[in-house]
file run_0.txt (compact mmCIF, C-alpha atoms and all ligand atoms)
# COMPACT_ATOMS: atom_id res chain seq x y z
CA MET Q 1 3.16 -23.66 2.45
CA LEU Q 2 6.41 -21.74 1.98
CA GLN Q 3 7.83 -23.21 5.22
CA MET Q 4 7.54 -26.83 4.00
CA ASN Q 5 10.69 -28.88 3.46
CA ASN Q 6 11.41 -30.63 0.15
CA GLU Q 7 9.97 -33.95 1.26
CA GLU Q 8 6.73 -32.31 2.41
CA ILE Q 9 6.49 -30.37 -0.84
CA ARG Q 10 6.97 -33.58 -2.86
CA LYS Q 11 4.28 -35.37 -0.86
CA ALA Q 12 1.84 -32.48 -1.24
CA ALA Q 13 2.54 -32.29 -5.00
CA ASP Q 14 1.91 -36.06 -5.29
CA PHE Q 15 -1.34 -35.70 -3.37
CA PHE Q 16 -2.64 -32.86 -5.55
CA THR Q 17 -1.66 -34.49 -8.85
CA GLN Q 18 -3.32 -37.78 -7.86
CA GLU Q 19 -6.48 -36.03 -6.66
CA ILE Q 20 -6.60 -33.91 -9.84
CA ALA Q 21 -6.43 -37.05 -11.97
CA LYS Q 22 -9.20 -38.71 -9.91
CA LEU Q 23 -11.48 -35.68 -10.01
CA ALA Q 24 -10.92 -35.10 -13.72
CA GLY Q 25 -11.81 -38.69 -14.60
CA ASN Q 26 -12.56 -38.84 -18.30
CA ARG Q 27 -13.98 -35.38 -18.72
CA SER Q 28 -12.10 -32.72 -20.69
CA VAL Q 29 -11.38 -29.68 -18.58
CA ARG Q 30 -10.08 -26.36 -19.87
CA LEU Q 31 -8.71 -23.97 -17.24
CA MET Q 32 -7.39 -20.50 -17.94
CA GLU Q 33 -4.50 -18.96 -16.02
CA VAL Q 34 -5.29 -15.30 -16.45
CA CYS Q 35 -1.96 -13.91 -15.33
CA GLY Q 36 1.33 -13.93 -17.27
CA THR Q 37 3.27 -14.59 -14.07
CA HIS Q 38 1.26 -17.81 -13.67
CA THR Q 39 2.06 -18.77 -17.27
CA VAL Q 40 5.79 -18.50 -16.59
CA ALA Q 41 5.52 -20.31 -13.22
CA ILE Q 42 3.55 -23.14 -14.88
CA PHE Q 43 6.23 -23.59 -17.53
CA LYS Q 44 9.17 -23.29 -15.13
CA ALA Q 45 7.76 -25.93 -12.77
CA GLY Q 46 6.59 -28.26 -15.56
CA ILE Q 47 3.02 -28.19 -14.21
CA ARG Q 48 1.45 -29.07 -17.57
CA GLN Q 49 3.39 -32.32 -17.62
CA LEU Q 50 2.07 -33.20 -14.15
CA LEU Q 51 -1.56 -32.87 -15.21
CA PRO Q 52 -3.56 -35.56 -17.03
CA GLU Q 53 -3.91 -34.89 -20.76
CA ASN Q 54 -7.60 -34.12 -20.42
CA VAL Q 55 -6.87 -31.19 -18.08
CA GLU Q 56 -5.72 -28.34 -20.29
CA LEU Q 57 -4.22 -25.06 -19.11
CA VAL Q 58 -4.59 -22.10 -21.48
CA SER Q 59 -3.19 -18.62 -20.98
CA GLY Q 60 -5.40 -15.58 -20.79
CA PRO Q 61 -5.21 -11.82 -21.25
CA GLY Q 62 -3.15 -11.12 -18.12
CA CYS Q 63 0.15 -9.89 -19.51
CA PRO Q 64 0.07 -6.06 -19.41
CA VAL Q 65 2.49 -5.58 -22.29
CA CYS Q 66 0.62 -8.10 -24.47
CA VAL Q 67 -2.75 -6.36 -24.25
CA THR Q 68 -1.44 -2.86 -24.99
CA PRO Q 69 -2.75 -2.01 -28.45
CA ASN Q 70 -0.79 -0.90 -31.52
CA ASN Q 71 -2.24 2.59 -31.56
CA TYR Q 72 -1.02 3.19 -28.00
CA LEU Q 73 2.53 2.37 -29.12
CA ASP Q 74 2.07 4.52 -32.22
CA THR Q 75 1.04 7.43 -29.98
CA ALA Q 76 4.01 6.92 -27.64
CA ILE Q 77 6.33 6.76 -30.65
CA ALA Q 78 4.83 9.97 -32.10
CA TYR Q 79 5.37 11.71 -28.75
CA SER Q 80 8.96 10.43 -28.55
CA ARG Q 81 9.70 12.24 -31.83
CA LYS Q 82 8.87 15.60 -30.27
CA SER Q 83 11.99 17.46 -29.16
CA ASP Q 84 10.39 18.85 -25.98
CA VAL Q 85 9.13 15.43 -24.79
CA MET Q 86 10.86 12.80 -22.67
CA ILE Q 87 9.25 9.34 -22.47
CA ALA Q 88 9.58 7.44 -19.19
CA THR Q 89 8.69 3.77 -19.53
CA PHE Q 90 9.14 0.25 -18.20
CA GLY Q 91 11.86 -1.49 -20.25
CA ASP Q 92 9.50 -4.15 -21.67
CA MET Q 93 7.66 -1.52 -23.69
CA LEU Q 94 10.71 -0.68 -25.81
CA LYS Q 95 10.45 -3.79 -27.98
CA VAL Q 96 6.65 -3.87 -28.38
CA PRO Q 97 5.86 -3.41 -32.06
CA GLY Q 98 3.76 -0.42 -33.10
CA SER Q 99 2.39 -0.16 -36.64
CA SER Q 100 5.73 0.71 -38.24
CA SER Q 101 8.31 1.28 -35.50
CA THR Q 102 9.22 0.56 -31.89
CA LEU Q 103 10.35 2.76 -29.03
CA ALA Q 104 13.70 0.94 -29.16
CA ALA Q 105 14.17 2.01 -32.80
CA GLU Q 106 13.21 5.59 -31.94
CA LYS Q 107 15.64 5.62 -29.00
CA ALA Q 108 18.41 4.38 -31.30
CA GLN Q 109 17.66 7.36 -33.54
CA GLY Q 110 18.00 9.81 -30.67
CA ALA Q 111 14.55 10.05 -29.06
CA ASP Q 112 14.71 10.89 -25.35
CA ILE Q 113 13.32 7.68 -23.85
CA ARG Q 114 14.26 6.72 -20.30
CA ILE Q 115 13.70 3.33 -18.70
CA VAL Q 116 12.20 3.57 -15.22
CA TYR Q 117 11.04 1.01 -12.69
CA SER Q 118 8.11 2.98 -11.31
CA SER Q 119 5.85 5.94 -12.03
CA LEU Q 120 7.54 7.80 -9.16
CA GLU Q 121 10.84 7.62 -11.05
CA GLY Q 122 9.02 9.25 -13.96
CA LEU Q 123 7.93 12.01 -11.60
CA GLU Q 124 11.54 12.43 -10.44
CA LEU Q 125 12.60 12.88 -14.07
CA ALA Q 126 9.99 15.62 -14.46
CA LYS Q 127 11.49 17.45 -11.47
CA ARG Q 128 15.03 17.01 -12.78
CA TYR Q 129 14.20 18.14 -16.33
CA PRO Q 130 11.75 21.07 -15.97
CA ASN Q 131 12.20 22.05 -19.64
CA LYS Q 132 10.88 18.68 -20.84
CA LYS Q 133 7.34 17.36 -20.86
CA VAL Q 134 7.85 13.98 -19.19
CA ILE Q 135 5.28 11.39 -20.30
CA PHE Q 136 5.08 8.18 -18.25
CA LEU Q 137 3.68 5.23 -20.20
CA ALA Q 138 1.06 4.06 -17.72
CA VAL Q 139 0.32 0.45 -18.64
CA GLY Q 140 -0.74 -2.54 -16.60
CA PHE Q 141 -3.67 -3.76 -14.55
CA GLU Q 142 -5.11 -2.96 -11.13
CA THR Q 143 -1.68 -3.88 -9.71
CA THR Q 144 0.27 -0.97 -11.21
CA ALA Q 145 -2.52 1.55 -11.77
CA PRO Q 146 -2.61 2.69 -8.08
CA THR Q 147 1.09 3.60 -8.22
CA ALA Q 148 0.52 5.71 -11.35
CA ALA Q 149 -2.41 7.35 -9.57
CA ALA Q 150 -0.19 8.00 -6.52
CA ALA Q 151 2.38 9.72 -8.77
CA VAL Q 152 -0.36 12.01 -10.09
CA LEU Q 153 -1.45 12.87 -6.55
CA MET Q 154 2.16 13.67 -5.62
CA ALA Q 155 2.59 15.81 -8.74
CA GLU Q 156 -0.55 17.72 -7.74
CA VAL Q 157 0.72 18.29 -4.17
CA GLU Q 158 4.18 19.32 -5.37
CA LYS Q 159 2.74 21.48 -8.18
CA ILE Q 160 4.73 19.67 -10.89
CA THR Q 161 3.37 20.90 -14.22
CA ASN Q 162 5.52 18.95 -16.70
CA PHE Q 163 4.51 15.38 -15.70
CA TYR Q 164 1.90 13.47 -17.72
CA LEU Q 165 0.52 9.96 -18.04
CA LEU Q 166 -0.25 8.27 -21.33
CA SER Q 167 -2.73 5.90 -19.81
CA SER Q 168 -3.52 2.45 -21.11
CA HIS Q 169 -4.41 0.81 -17.82
CA LYS Q 170 -6.69 -2.20 -18.06
CA LEU Q 171 -9.11 -3.87 -15.66
CA VAL Q 172 -9.14 -7.67 -15.35
CA PRO Q 173 -12.80 -8.46 -14.44
CA PRO Q 174 -14.32 -6.82 -17.57
CA ALA Q 175 -11.91 -8.81 -19.77
CA LEU Q 176 -13.06 -12.07 -18.13
CA ARG Q 177 -16.67 -11.04 -18.65
CA ALA Q 178 -15.93 -10.38 -22.32
CA LEU Q 179 -14.29 -13.79 -22.69
CA LEU Q 180 -17.23 -15.63 -21.15
CA SER Q 181 -19.92 -13.64 -22.90
CA SER Q 182 -18.29 -14.18 -26.31
CA GLY Q 183 -18.91 -17.89 -25.80
CA ASP Q 184 -15.95 -19.00 -27.93
CA SER Q 185 -13.28 -19.43 -25.24
CA LYS Q 186 -14.97 -22.42 -23.55
CA VAL Q 187 -13.22 -21.95 -20.23
CA ASP Q 188 -14.33 -24.30 -17.42
CA GLY Q 189 -12.57 -22.38 -14.66
CA PHE Q 190 -10.17 -19.53 -13.95
CA LEU Q 191 -6.91 -19.33 -12.02
CA LEU Q 192 -7.25 -15.70 -10.97
CA PRO Q 193 -4.24 -13.37 -10.76
CA GLY Q 194 -2.80 -13.16 -7.25
CA HIS Q 195 -1.30 -9.67 -7.58
CA VAL Q 196 -4.40 -8.03 -9.04
CA SER Q 197 -6.56 -9.79 -6.45
CA ALA Q 198 -4.40 -8.43 -3.62
CA MET Q 199 -5.60 -4.99 -4.76
CA ILE Q 200 -9.26 -5.59 -5.64
CA GLY Q 201 -10.14 -8.52 -3.36
CA LEU Q 202 -12.65 -11.22 -4.28
CA ALA Q 203 -15.92 -9.34 -4.76
CA PRO Q 204 -15.26 -8.06 -8.33
CA TYR Q 205 -15.06 -11.70 -9.52
CA GLU Q 206 -18.38 -12.82 -8.04
CA PHE Q 207 -20.11 -12.47 -11.42
CA LEU Q 208 -18.04 -15.40 -12.75
CA SER Q 209 -19.90 -17.87 -10.54
CA LYS Q 210 -23.20 -16.02 -10.18
CA GLU Q 211 -23.79 -15.07 -13.83
CA TYR Q 212 -21.68 -17.61 -15.73
CA ASN Q 213 -21.61 -20.56 -13.32
CA THR Q 214 -17.83 -20.69 -13.76
CA PRO Q 215 -15.53 -21.66 -10.86
CA ALA Q 216 -12.61 -19.40 -10.01
CA VAL Q 217 -9.67 -19.61 -7.60
CA VAL Q 218 -7.28 -16.80 -6.68
CA ALA Q 219 -3.95 -18.59 -7.03
CA GLY Q 220 -0.47 -17.99 -5.67
CA PHE Q 221 2.66 -18.35 -7.78
CA GLU Q 222 4.58 -21.23 -6.17
CA PRO Q 223 4.24 -24.56 -8.03
CA LEU Q 224 2.26 -26.02 -5.12
CA ASP Q 225 -0.04 -22.98 -5.07
CA ILE Q 226 -0.88 -23.63 -8.70
CA LEU Q 227 -1.38 -27.37 -8.26
CA GLN Q 228 -3.61 -26.77 -5.24
CA SER Q 229 -5.60 -24.15 -7.18
CA VAL Q 230 -6.15 -26.57 -10.08
CA TYR Q 231 -7.28 -29.16 -7.52
CA MET Q 232 -9.70 -26.62 -5.98
CA LEU Q 233 -11.16 -25.83 -9.40
CA LEU Q 234 -11.65 -29.52 -10.18
CA ARG Q 235 -13.27 -30.06 -6.81
CA GLN Q 236 -15.80 -27.33 -7.64
CA LEU Q 237 -16.43 -28.84 -11.08
CA ASP Q 238 -16.81 -32.30 -9.56
CA CYS Q 239 -19.35 -31.05 -7.01
CA GLY Q 240 -21.21 -29.05 -9.66
CA VAL Q 241 -20.76 -25.81 -7.74
CA ALA Q 242 -19.21 -22.53 -8.86
CA LYS Q 243 -17.75 -20.00 -6.46
CA VAL Q 244 -14.76 -17.72 -6.01
CA GLU Q 245 -12.21 -19.32 -3.70
CA ASN Q 246 -9.00 -17.89 -2.35
CA GLN Q 247 -6.00 -20.25 -2.38
CA TYR Q 248 -3.59 -17.29 -1.88
CA ARG Q 249 -4.91 -16.24 1.52
CA ARG Q 250 -1.43 -15.59 2.90
CA ILE Q 251 -1.19 -12.57 0.55
CA VAL Q 252 -4.70 -11.76 -0.71
CA PRO Q 253 -7.21 -10.38 1.81
CA LYS Q 254 -10.84 -11.02 0.91
CA GLU Q 255 -11.47 -7.27 0.74
CA GLY Q 256 -8.24 -6.47 -1.17
CA ASN Q 257 -6.37 -3.26 -0.44
CA PRO Q 258 -8.95 -0.52 0.24
CA ALA Q 259 -6.28 2.21 0.52
CA ALA Q 260 -4.91 1.42 -2.96
CA CYS Q 261 -8.45 1.24 -4.39
CA GLU Q 262 -9.20 4.64 -2.84
CA VAL Q 263 -6.14 6.21 -4.51
CA LEU Q 264 -7.18 4.61 -7.78
CA SER Q 265 -10.74 5.89 -7.70
CA THR Q 266 -9.60 9.37 -6.64
CA VAL Q 267 -7.59 9.78 -9.84
CA TYR Q 268 -9.30 7.43 -12.28
CA GLN Q 269 -12.73 6.32 -13.37
CA ALA Q 270 -13.69 3.26 -15.43
CA ALA Q 271 -13.78 3.89 -19.18
CA ASP Q 272 -14.07 1.87 -22.40
CA ALA Q 273 -10.69 0.64 -23.64
CA GLN Q 274 -9.03 -1.00 -26.62
CA TRP Q 275 -7.20 -4.32 -26.03
CA ARG Q 276 -4.62 -5.56 -28.51
CA GLY Q 277 -6.09 -8.33 -30.59
CA ILE Q 278 -9.28 -8.44 -28.53
CA GLY Q 279 -10.93 -5.14 -29.38
CA HIS Q 280 -12.94 -2.51 -27.63
CA LEU Q 281 -14.29 -3.60 -24.24
CA LYS Q 282 -16.80 -1.62 -22.22
CA LYS Q 283 -15.54 -0.11 -18.93
CA SER Q 284 -12.36 -2.19 -19.14
CA GLY Q 285 -9.87 0.66 -18.77
CA LEU Q 286 -9.25 3.79 -16.74
CA ALA Q 287 -9.63 7.46 -17.68
CA MET Q 288 -8.66 10.37 -15.45
CA GLN Q 289 -11.18 12.11 -13.27
CA GLU Q 290 -11.79 15.70 -14.41
CA LYS Q 291 -9.73 17.21 -11.58
CA TYR Q 292 -6.59 15.37 -12.76
CA GLN Q 293 -6.98 15.68 -16.52
CA LYS Q 294 -4.17 18.27 -16.61
CA PHE Q 295 -1.86 15.25 -16.16
CA ASP Q 296 -3.31 13.40 -19.17
CA ALA Q 297 -0.82 13.59 -22.06
CA LEU Q 298 -3.44 13.04 -24.76
CA LEU Q 299 -5.63 15.86 -23.50
CA ASN Q 300 -2.79 18.35 -23.15
CA ILE Q 301 -0.05 17.65 -25.69
CA PRO Q 302 -1.20 17.58 -29.32
CA VAL Q 303 0.35 14.88 -31.48
CA ALA Q 304 -0.22 13.45 -34.97
CA VAL Q 305 -0.35 9.63 -34.90
CA GLU Q 306 0.04 7.33 -37.90
CA GLU Q 307 -2.79 5.07 -39.00
CA THR Q 308 -2.81 1.78 -37.09
CA LYS Q 309 -1.73 -1.34 -38.99
CA GLU Q 310 -1.79 -4.87 -37.59
CA ALA Q 311 0.99 -7.36 -38.36
CA LYS Q 312 -0.15 -9.81 -41.03
CA GLY Q 313 -0.77 -13.30 -39.72
CA CYS Q 314 -0.29 -12.39 -36.04
CA GLN Q 315 -2.56 -14.49 -33.80
CA CYS Q 316 -2.01 -12.50 -30.58
CA GLY Q 317 -5.73 -11.79 -30.19
CA ASN Q 318 -6.63 -15.47 -30.39
CA VAL Q 319 -3.75 -16.40 -28.06
CA LEU Q 320 -4.89 -13.79 -25.50
CA ARG Q 321 -8.43 -15.17 -25.60
CA GLY Q 322 -7.17 -18.71 -25.09
CA LEU Q 323 -8.55 -19.81 -28.48
CA VAL Q 324 -5.26 -21.06 -29.90
CA LEU Q 325 -1.86 -22.03 -28.56
CA PRO Q 326 1.15 -20.06 -29.82
CA ALA Q 327 2.30 -22.92 -32.05
CA ALA Q 328 -0.85 -22.40 -34.12
CA CYS Q 329 0.44 -18.99 -35.23
CA PRO Q 330 2.20 -19.33 -38.61
CA LEU Q 331 4.81 -16.79 -37.49
CA PHE Q 332 5.72 -18.51 -34.20
CA GLY Q 333 9.42 -19.40 -34.01
CA LYS Q 334 9.88 -18.45 -37.66
CA THR Q 335 9.69 -14.71 -38.23
CA CYS Q 336 8.44 -14.06 -34.68
CA LYS Q 337 11.02 -14.74 -31.96
CA PRO Q 338 11.91 -12.97 -28.70
CA GLU Q 339 14.84 -11.19 -30.38
CA HIS Q 340 12.52 -10.04 -33.19
CA PRO Q 341 8.92 -10.00 -31.97
CA ILE Q 342 6.16 -9.46 -34.52
CA GLY Q 343 3.37 -9.49 -31.94
CA SER Q 344 3.27 -8.30 -28.35
CA CYS Q 345 2.87 -11.82 -26.86
CA MET Q 346 6.51 -12.53 -27.84
CA VAL Q 347 7.95 -9.46 -26.07
CA SER Q 348 7.63 -9.70 -22.31
CA ILE Q 349 8.89 -12.79 -20.50
CA GLU Q 350 5.29 -13.04 -19.24
CA GLY Q 351 3.90 -13.14 -22.77
CA THR Q 352 2.38 -16.49 -23.72
CA CYS Q 353 4.35 -16.81 -26.94
CA ALA Q 354 7.62 -15.82 -25.25
CA ALA Q 355 7.00 -18.40 -22.49
CA TRP Q 356 6.17 -21.09 -25.06
CA TYR Q 357 9.26 -20.20 -27.05
CA LYS Q 358 11.53 -20.27 -24.01
CA TYR Q 359 10.14 -23.33 -22.22
CA GLY Q 360 8.12 -25.19 -24.79
CA ALA Q 361 10.87 -26.73 -26.93
CA GLY Q 362 9.78 -30.11 -28.22
CA ARG Q 363 6.16 -29.45 -27.32
CA TRP Q 364 5.32 -26.88 -29.98
CA GLN Q 365 3.33 -29.27 -32.10
CA VAL Q 366 0.58 -29.58 -29.45
S1 LIG Q 401 3.96 -15.91 -32.48
FE1 LIG Q 401 4.26 -13.70 -32.59
S2 LIG Q 401 2.85 -12.99 -34.14
FE2 LIG Q 401 2.19 -15.06 -33.55
S3 LIG Q 401 0.69 -14.77 -31.95
FE3 LIG Q 401 2.65 -14.97 -30.92
S4 LIG Q 401 3.41 -12.88 -30.72
FE4 LIG Q 401 1.72 -12.79 -32.20

call {"tool": "encode", "arguments": {"input": "run_0.txt", "output": "structure tokens"}}
result
Amino acid sequence: MLQMNNEEIRKAADFFTQEIAKLAGNRSVRLMEVCGTHTVAIFKAGIRQLLPENVELVSGPGCPVCVTPNNYLDTAIAYSRKSDVMIATFGDMLKVPGSSSTLAAEKAQGADIRIVYSSLEGLELAKRYPNKKVIFLAVGFETTAPTAAAAVLMAEVEKITNFYLLSSHKLVPPALRALLSSGDSKVDGFLLPGHVSAMIGLAPYEFLSKEYNTPAVVAGFEPLDILQSVYMLLRQLDCGVAKVENQYRRIVPKEGNPAACEVLSTVYQAADAQWRGIGHLKKSGLAMQEKYQKFDALLNIPVAVEETKEAKGCQCGNVLRGLVLPAACPLFGKTCKPEHPIGSCMVSIEGTCAAWYKYGAGRWQV
């Protein structure tokens, strides 16, 4: 698909949009793009405008920054106030609101917070600053969790004793199960995240079709990938079948990446986890295996954390469950903007509210 010239791409896009309209007919179809990268790609390419009005795309809980709960930020902020601690974090996390502060505000007041691009950079900081306890903010899904696990394994081999993870990793399949079992999201099909699927393969999604009769397609991130994936979902709906299909075969092997999964399960085990705005979901996160708990910040570095408070009026939880569009939040575009986010969905470029704010001008009243 990537080797097609512009004319071929245009013809293929025409074909998929026409077929989607035919297959949709008069029925209302609600499809969820689980991944924040899909949300941005859909906006950038104007995919919503290419679809008939009765085919709706809603965003799901697939932006790692968005689903990180308040109390996690409060804990990171409390750690950052300790003089012997250095926080290593992805830049997006700096602006995410905690209950009463942000990491950016703490950094401005002198907290030792370093922006890194990988967990291994966090490990390097621990080597360079042996007098500091370096805490890497380990957030994200099955895509980033193996790299955090690899950093722990390297720290173990190299006998680094001042490197820790504050883990808030999340697992995608349990979140989809929670959405479907709650019954209020009314999703007719899922565009599954390509990056996560490259790690875990197709098998962990089988329950979507088998237990919930809901079609799913692992989708790539090019505009044509997304259009083709929507077409594949509608074809399943039209035939009355539900299965897990793989549109992104050029990147996603059916079995995923067994080596990465092995690293993950060596260091981590599934555990219950808190999702911002969604709540406590069974076996939806990762906790360290006993052997590696010496790298768990919470278990080894005592800290007093303030009581969690949620921002009044914030609809992030409903946005992440696909129940409302960002424009339905009374704070959207008023007090909550990318330069001053009230909720996490307005922080990362992959956040639904941030994407709506950036690309949705003129369409906010949907
Ligand atoms: S507009 Fe802001 S406060 Fe409202 S749901 Fe989005 S991120 Fe949360």

call {"tool": "closest_residue", "arguments": {"input": "run_0.txt", "among": "Q:Gln289, Q:Asn300, Q:Ser100, Q:Thr89", "to": "Q:Val65", "atoms": "only C-alpha atoms"}}
result
Q:Thr89

call {"tool": "closest_atom_pairs", "arguments": {"input": "run_0.txt", "of": "chain Q", "to": "ligand LIG 401 (chain Q)", "cutoff": "7 Å", "atoms": "all atoms listed in the file", "output": "JSON lines"}}
result
{"residue": "Q:Gly313", "atom": "CA", "partner": "Q:LIG401", "partner_atom": "S2", "distance": 6.7}
{"residue": "Q:Cys314", "atom": "CA", "partner": "Q:LIG401", "partner_atom": "S2", "distance": 3.7}
{"residue": "Q:Gln315", "atom": "CA", "partner": "Q:LIG401", "partner_atom": "S3", "distance": 3.8}
{"residue": "Q:Cys316", "atom": "CA", "partner": "Q:LIG401", "partner_atom": "S3", "distance": 3.8}
{"residue": "Q:Val319", "atom": "CA", "partner": "Q:LIG401", "partner_atom": "S3", "distance": 6.1}
{"residue": "Q:Pro326", "atom": "CA", "partner": "Q:LIG401", "partner_atom": "FE3", "distance": 5.4}
{"residue": "Q:Cys329", "atom": "CA", "partner": "Q:LIG401", "partner_atom": "FE2", "distance": 4.6}
{"residue": "Q:Pro330", "atom": "CA", "partner": "Q:LIG401", "partner_atom": "FE2", "distance": 6.6}
{"residue": "Q:Leu331", "atom": "CA", "partner": "Q:LIG401", "partner_atom": "FE2", "distance": 5.0}
{"residue": "Q:Phe332", "atom": "CA", "partner": "Q:LIG401", "partner_atom": "S1", "distance": 3.6}
{"residue": "Q:Gly333", "atom": "CA", "partner": "Q:LIG401", "partner_atom": "S1", "distance": 6.7}
{"residue": "Q:Cys336", "atom": "CA", "partner": "Q:LIG401", "partner_atom": "FE1", "distance": 4.7}
{"residue": "Q:Lys337", "atom": "CA", "partner": "Q:LIG401", "partner_atom": "FE1", "distance": 6.9}
{"residue": "Q:Pro341", "atom": "CA", "partner": "Q:LIG401", "partner_atom": "FE1", "distance": 6.0}
{"residue": "Q:Ile342", "atom": "CA", "partner": "Q:LIG401", "partner_atom": "S2", "distance": 4.9}
{"residue": "Q:Gly343", "atom": "CA", "partner": "Q:LIG401", "partner_atom": "S4", "distance": 3.6}
{"residue": "Q:Ser344", "atom": "CA", "partner": "Q:LIG401", "partner_atom": "S4", "distance": 5.2}
{"residue": "Q:Cys345", "atom": "CA", "partner": "Q:LIG401", "partner_atom": "S4", "distance": 4.0}
{"residue": "Q:Met346", "atom": "CA", "partner": "Q:LIG401", "partner_atom": "S4", "distance": 4.2}
{"residue": "Q:Cys353", "atom": "CA", "partner": "Q:LIG401", "partner_atom": "FE3", "distance": 4.7}

call {"tool": "atom_distance", "arguments": {"input": "run_0.txt", "atom1": "atom CA of Q:Ala78", "atom2": "atom CA of Q:Ala145"}}
result
23.2 Å

call {"tool": "atom_distance", "arguments": {"input": "run_0.txt", "atom1": "atom CA of Q:Leu50", "atom2": "atom CA of Q:Thr17"}}
result
6.6 Å

call {"tool": "residues_around", "arguments": {"input": "run_0.txt", "residues": "Q:Asp14", "least_positions_apart": "5", "cutoff": "10 Å", "atoms": "all atoms listed in the file", "output": "mmCIF file with C-alpha atoms, keeping the file's coordinate frame"}}
result
data_model
loop_
_atom_site.group_PDB
_atom_site.id
_atom_site.type_symbol
_atom_site.label_atom_id
_atom_site.label_comp_id
_atom_site.auth_asym_id
_atom_site.auth_seq_id
_atom_site.Cartn_x
_atom_site.Cartn_y
_atom_site.Cartn_z
ATOM 1 C CA GLU Q 8 6.730 -32.310 2.410
ATOM 2 C CA ILE Q 9 6.490 -30.370 -0.840
ATOM 3 C CA GLU Q 19 -6.480 -36.030 -6.660
ATOM 4 C CA ILE Q 20 -6.600 -33.910 -9.840
ATOM 5 C CA LEU Q 50 2.070 -33.200 -14.150
ATOM 6 C CA LEU Q 227 -1.380 -27.370 -8.260
#

call {"tool": "residues_near_point", "arguments": {"input": "run_0.txt", "point": "(-2.7, -17.5, -13.7)", "cutoff": "8 Å", "atoms": "only C-alpha atoms", "output": "list in words"}}
result
Met32, Glu33, Val34, Cys35, Gly36, Thr37, His38, Thr39, Ser59, Gly60, Gly62, Phe190, Leu191, Leu192, Pro193, Gly194 and Ala219 of chain Q

call {"tool": "residues_around", "arguments": {"input": "run_0.txt", "residues": "Q:Asp238", "least_positions_apart": "5", "cutoff": "12 Å", "atoms": "only C-alpha atoms", "output": "MDAnalysis selection string"}}
result
chainID Q and resid 19:27 29 188:189 215 231:233

call {"tool": "atom_distance", "arguments": {"input": "run_0.txt", "atom1": "atom CA of Q:Ile278", "atom2": "atom CA of Q:Ala149"}}
result
25.6 Å

call {"tool": "closest_residue", "arguments": {"input": "run_0.txt", "among": "Q:Thr102, Q:Gln109, Q:Ser284, Q:Asn162", "to": "Q:Thr75", "atoms": "all atoms listed in the file"}}
result
Q:Thr102

call {"tool": "closest_residue", "arguments": {"input": "run_0.txt", "among": "Q:Glu106, Q:Ala198, Q:Ser99, Q:Pro130", "to": "Q:Cys261", "atoms": "all atoms listed in the file"}}
result
Q:Ala198

call {"tool": "residues_around", "arguments": {"input": "run_0.txt", "residues": "Q:Glu307", "least_positions_apart": "2", "cutoff": "12 Å", "atoms": "all atoms listed in the file", "output": "list in words"}}
result
Asn70, Asn71, Tyr72, Leu73, Asp74, Thr75, Ala78, Gly98, Ser99, Ser100, Ala304, Val305, Lys309 and Glu310 of chain Q

call {"tool": "residues_around", "arguments": {"input": "run_0.txt", "residues": "stretch 118-128 of chain Q", "least_positions_apart": "4", "cutoff": "12 Å", "atoms": "only C-alpha atoms", "output": "ChimeraX atom specification"}}
result
/Q:84-91,112-114,132-140,144-156,158-167,295

call {"tool": "closest_residue", "arguments": {"input": "run_0.txt", "among": "Q:Pro338, Q:Pro52, Q:Pro173, Q:Pro61", "to": "Q:Gly317", "atoms": "all atoms listed in the file"}}
result
Q:Pro61

call {"tool": "closest_residue", "arguments": {"input": "run_0.txt", "among": "Q:Ile251, Q:Leu57, Q:Ala273, Q:Val324", "to": "Q:Phe221", "atoms": "all atoms listed in the file"}}
result
Q:Ile251

call {"tool": "closest_residue", "arguments": {"input": "run_0.txt", "among": "Q:Phe141, Q:Tyr129, Q:Ala311, Q:Ala76", "to": "Q:Ala104", "atoms": "all atoms listed in the file"}}
result
Q:Ala76

call {"tool": "residues_near_point", "arguments": {"input": "run_0.txt", "point": "(-5.5, -27.0, -24.8)", "cutoff": "10 Å", "atoms": "all atoms listed in the file", "output": "VMD selection string"}}
result
chain Q and resid 28 to 32 53 to 59 322 to 325 366

call {"tool": "decode", "arguments": {"input": "run_0.txt", "residues": "stretch 92-112 of chain Q", "atoms": "C-alpha atoms", "output": "compact mmCIF listing (two decimals), in the first residue's frame"}}
result
# COMPACT_ATOMS: atom_id res chain seq x y z
CA ASP Q 92 4.11 14.65 27.77
CA MET Q 93 3.77 13.82 31.45
CA LEU Q 94 4.96 17.25 32.59
CA LYS Q 95 1.68 19.00 31.78
CA VAL Q 96 -0.71 16.28 33.00
CA PRO Q 97 -2.72 17.70 35.89
CA GLY Q 98 -2.48 16.00 39.28
CA SER Q 99 -4.87 16.93 42.08
CA SER Q 100 -3.23 20.28 42.83
CA SER Q 101 -0.01 20.58 40.81
CA THR Q 102 1.85 19.34 37.75
CA LEU Q 103 5.37 18.07 37.22
CA ALA Q 104 6.01 21.17 35.09
CA ALA Q 105 5.13 23.42 38.05
CA GLU Q 106 7.36 21.37 40.36
CA LYS Q 107 10.23 21.55 37.86
CA ALA Q 108 9.83 25.33 37.68
CA GLN Q 109 10.21 25.39 41.46
CA GLY Q 110 13.46 23.44 41.32
CA ALA Q 111 12.48 19.75 41.39
CA ASP Q 112 15.00 17.53 39.60
